[in-house]
Amino acid sequence: MIDRILMGVGTSRGRKSYSDLQINDVIDFWRVEDLKPNEMLLLRAEMKLPGKAWLKFTSTPSTRNPGKNQNRLTIQAFFTTRSWWGKYTGIFFCLFIDLFL
């Protein structure tokens, strides 16, 4: 509510099309930074963090069952910061990542 009154980031949330994804579209607190259809999606975090964070989704054909039409999904998380607190938070997140997923 306050975000709407003060015309904050939350007022411009949303996408033009819910079936097609484009660069600069917003998904929750993530912004699409790079997109290669059926191959790669790079999302940049727009939430308050002590640094910058990205999530990268990559889809590649699976080599386990060549006869079946299956893909392998790889998810990578990137985090960078210059502050001491951000470095501490990044180490904490890496140590306890299984608790978050």
# chains A, B, ... in the order shown; residues from 1 in each chain; ligands from 1
>>> residues_around(residues="stretch 45-58 of chain A", least_positions_apart="3", cutoff="7 Å", atoms="only C-alpha atoms", output="PyMOL selection string")
chain A and resi 29-31+39-42+73-81+85-86
>>> write_last_selection(atoms="all heavy atoms", output="compact mmCIF listing (two decimals), in the first residue's frame")
# COMPACT_ATOMS: atom_id res chain seq x y z
N PHE A 29 10.22 -10.72 -7.64
CA PHE A 29 11.28 -9.75 -7.34
C PHE A 29 12.50 -9.98 -8.21
O PHE A 29 13.63 -9.67 -7.83
CB PHE A 29 11.68 -9.81 -5.86
CG PHE A 29 10.59 -9.33 -4.97
CD1 PHE A 29 9.80 -10.22 -4.28
CD2 PHE A 29 10.35 -7.98 -4.84
CE1 PHE A 29 8.78 -9.77 -3.46
CE2 PHE A 29 9.34 -7.51 -4.02
CZ PHE A 29 8.55 -8.41 -3.32
N TRP A 30 12.29 -10.52 -9.39
CA TRP A 30 13.37 -10.81 -10.34
C TRP A 30 13.08 -10.11 -11.65
O TRP A 30 11.94 -10.00 -12.07
CB TRP A 30 13.48 -12.31 -10.57
CG TRP A 30 13.77 -13.08 -9.34
CD1 TRP A 30 12.84 -13.61 -8.48
CD2 TRP A 30 15.04 -13.39 -8.80
NE1 TRP A 30 13.48 -14.24 -7.45
CE2 TRP A 30 14.83 -14.13 -7.61
CE3 TRP A 30 16.36 -13.14 -9.20
CZ2 TRP A 30 15.87 -14.60 -6.84
CZ3 TRP A 30 17.39 -13.61 -8.42
CH2 TRP A 30 17.15 -14.33 -7.25
N ARG A 31 14.12 -9.64 -12.33
CA ARG A 31 13.98 -9.02 -13.65
C ARG A 31 14.73 -9.87 -14.66
O ARG A 31 15.85 -10.31 -14.40
CB ARG A 31 14.53 -7.60 -13.65
CG ARG A 31 14.31 -6.89 -14.99
CD ARG A 31 14.62 -5.43 -14.92
NE ARG A 31 13.76 -4.71 -14.00
CZ ARG A 31 12.57 -4.19 -14.30
NH1 ARG A 31 12.08 -4.35 -15.51
NH2 ARG A 31 11.88 -3.53 -13.40
N GLU A 39 16.66 -22.35 -24.11
CA GLU A 39 18.07 -22.61 -23.78
C GLU A 39 18.47 -22.01 -22.43
O GLU A 39 19.00 -22.72 -21.58
CB GLU A 39 19.00 -22.05 -24.85
CG GLU A 39 18.96 -22.79 -26.16
CD GLU A 39 19.93 -22.20 -27.17
OE1 GLU A 39 20.94 -21.61 -26.75
OE2 GLU A 39 19.65 -22.31 -28.37
N MET A 40 18.27 -20.69 -22.25
CA MET A 40 18.82 -20.03 -21.07
C MET A 40 17.94 -18.86 -20.64
O MET A 40 17.37 -18.14 -21.46
CB MET A 40 20.23 -19.52 -21.40
CG MET A 40 21.04 -19.07 -20.20
SD MET A 40 20.91 -17.33 -19.82
CE MET A 40 21.42 -16.56 -21.30
N LEU A 41 17.85 -18.69 -19.30
CA LEU A 41 17.13 -17.58 -18.70
C LEU A 41 17.98 -17.04 -17.57
O LEU A 41 18.40 -17.79 -16.68
CB LEU A 41 15.77 -18.04 -18.17
CG LEU A 41 14.98 -17.05 -17.32
CD1 LEU A 41 14.56 -15.84 -18.16
CD2 LEU A 41 13.77 -17.71 -16.71
N LEU A 42 18.28 -15.74 -17.60
CA LEU A 42 19.08 -15.09 -16.56
C LEU A 42 18.21 -14.05 -15.85
O LEU A 42 17.69 -13.14 -16.49
CB LEU A 42 20.32 -14.42 -17.16
CG LEU A 42 21.26 -13.73 -16.18
CD1 LEU A 42 21.87 -14.75 -15.21
CD2 LEU A 42 22.36 -13.00 -16.92
N LEU A 73 17.78 -29.57 -16.68
CA LEU A 73 17.68 -28.19 -16.21
C LEU A 73 18.79 -27.95 -15.19
O LEU A 73 18.89 -28.65 -14.20
CB LEU A 73 16.32 -27.92 -15.58
CG LEU A 73 16.11 -26.53 -15.01
CD1 LEU A 73 16.15 -25.49 -16.13
CD2 LEU A 73 14.81 -26.45 -14.25
N THR A 74 19.62 -26.94 -15.45
CA THR A 74 20.70 -26.56 -14.55
C THR A 74 20.38 -25.18 -13.99
O THR A 74 20.04 -24.27 -14.75
CB THR A 74 22.05 -26.52 -15.28
OG1 THR A 74 22.26 -27.77 -15.93
CG2 THR A 74 23.18 -26.24 -14.33
N ILE A 75 20.49 -25.04 -12.67
CA ILE A 75 20.23 -23.76 -12.01
C ILE A 75 21.50 -23.32 -11.31
O ILE A 75 22.07 -24.07 -10.53
CB ILE A 75 19.08 -23.88 -10.99
CG1 ILE A 75 17.83 -24.41 -11.67
CG2 ILE A 75 18.82 -22.53 -10.34
CD1 ILE A 75 16.72 -24.75 -10.70
N GLN A 76 21.95 -22.10 -11.63
CA GLN A 76 23.15 -21.54 -11.01
C GLN A 76 22.77 -20.24 -10.32
O GLN A 76 22.00 -19.45 -10.85
CB GLN A 76 24.23 -21.25 -12.05
CG GLN A 76 24.78 -22.49 -12.72
CD GLN A 76 25.76 -22.12 -13.83
OE1 GLN A 76 25.41 -21.40 -14.74
NE2 GLN A 76 26.98 -22.61 -13.69
N ALA A 77 23.33 -20.02 -9.13
CA ALA A 77 23.11 -18.78 -8.39
C ALA A 77 24.44 -18.03 -8.31
O ALA A 77 25.48 -18.62 -8.04
CB ALA A 77 22.60 -19.09 -6.99
N PHE A 78 24.39 -16.73 -8.58
CA PHE A 78 25.56 -15.86 -8.52
C PHE A 78 25.28 -14.74 -7.53
O PHE A 78 24.19 -14.19 -7.51
CB PHE A 78 25.87 -15.25 -9.89
CG PHE A 78 26.10 -16.25 -10.97
CD1 PHE A 78 25.07 -16.64 -11.81
CD2 PHE A 78 27.35 -16.82 -11.16
CE1 PHE A 78 25.28 -17.56 -12.81
CE2 PHE A 78 27.58 -17.75 -12.16
CZ PHE A 78 26.53 -18.12 -12.98
N PHE A 79 26.29 -14.41 -6.72
CA PHE A 79 26.13 -13.33 -5.75
C PHE A 79 27.46 -12.58 -5.66
O PHE A 79 28.52 -13.19 -5.53
CB PHE A 79 25.76 -13.90 -4.38
CG PHE A 79 25.58 -12.85 -3.33
CD1 PHE A 79 24.46 -12.06 -3.31
CD2 PHE A 79 26.55 -12.65 -2.36
CE1 PHE A 79 24.28 -11.09 -2.34
CE2 PHE A 79 26.39 -11.69 -1.38
CZ PHE A 79 25.25 -10.90 -1.38
N THR A 80 27.40 -11.27 -5.74
CA THR A 80 28.61 -10.46 -5.63
C THR A 80 28.33 -9.27 -4.71
O THR A 80 27.22 -8.74 -4.69
CB THR A 80 29.10 -9.97 -7.00
OG1 THR A 80 30.31 -9.25 -6.82
CG2 THR A 80 28.09 -9.10 -7.69
N THR A 81 29.33 -8.89 -3.93
CA THR A 81 29.19 -7.77 -3.01
C THR A 81 30.56 -7.16 -2.74
O THR A 81 31.59 -7.81 -2.95
CB THR A 81 28.55 -8.21 -1.69
OG1 THR A 81 28.34 -7.06 -0.89
CG2 THR A 81 29.41 -9.20 -0.95
N TRP A 85 29.54 -7.13 5.33
CA TRP A 85 28.32 -7.81 5.69
C TRP A 85 27.81 -8.69 4.55
O TRP A 85 27.34 -9.79 4.76
CB TRP A 85 27.25 -6.80 6.10
CG TRP A 85 25.92 -7.44 6.33
CD1 TRP A 85 24.79 -7.25 5.60
CD2 TRP A 85 25.57 -8.38 7.34
NE1 TRP A 85 23.76 -8.01 6.09
CE2 TRP A 85 24.23 -8.72 7.17
CE3 TRP A 85 26.27 -8.99 8.38
CZ2 TRP A 85 23.56 -9.62 7.98
CZ3 TRP A 85 25.60 -9.89 9.19
CH2 TRP A 85 24.27 -10.19 8.99
N GLY A 86 27.92 -8.22 3.34
CA GLY A 86 27.48 -9.00 2.19
C GLY A 86 28.31 -10.25 2.01
O GLY A 86 27.79 -11.32 1.67
>>> residues_around(residues="A:Lys16", least_positions_apart="6", cutoff="10 Å", atoms="only C-alpha atoms", output="ChimeraX atom specification")
/A:22,25-26
>>> atom_distance(atom1="atom CA of A:Gln70", atom2="atom CA of A:Asp20")
22.2 Å
>>> closest_residue(among="A:Leu43, A:Pro66, A:Asn71, A:Asn38", to="A:Ile23", atoms="only C-alpha atoms")
A:Leu43
>>> atom_distance(atom1="atom CA of A:Pro61", atom2="atom CA of A:Leu21")
21.3 Å
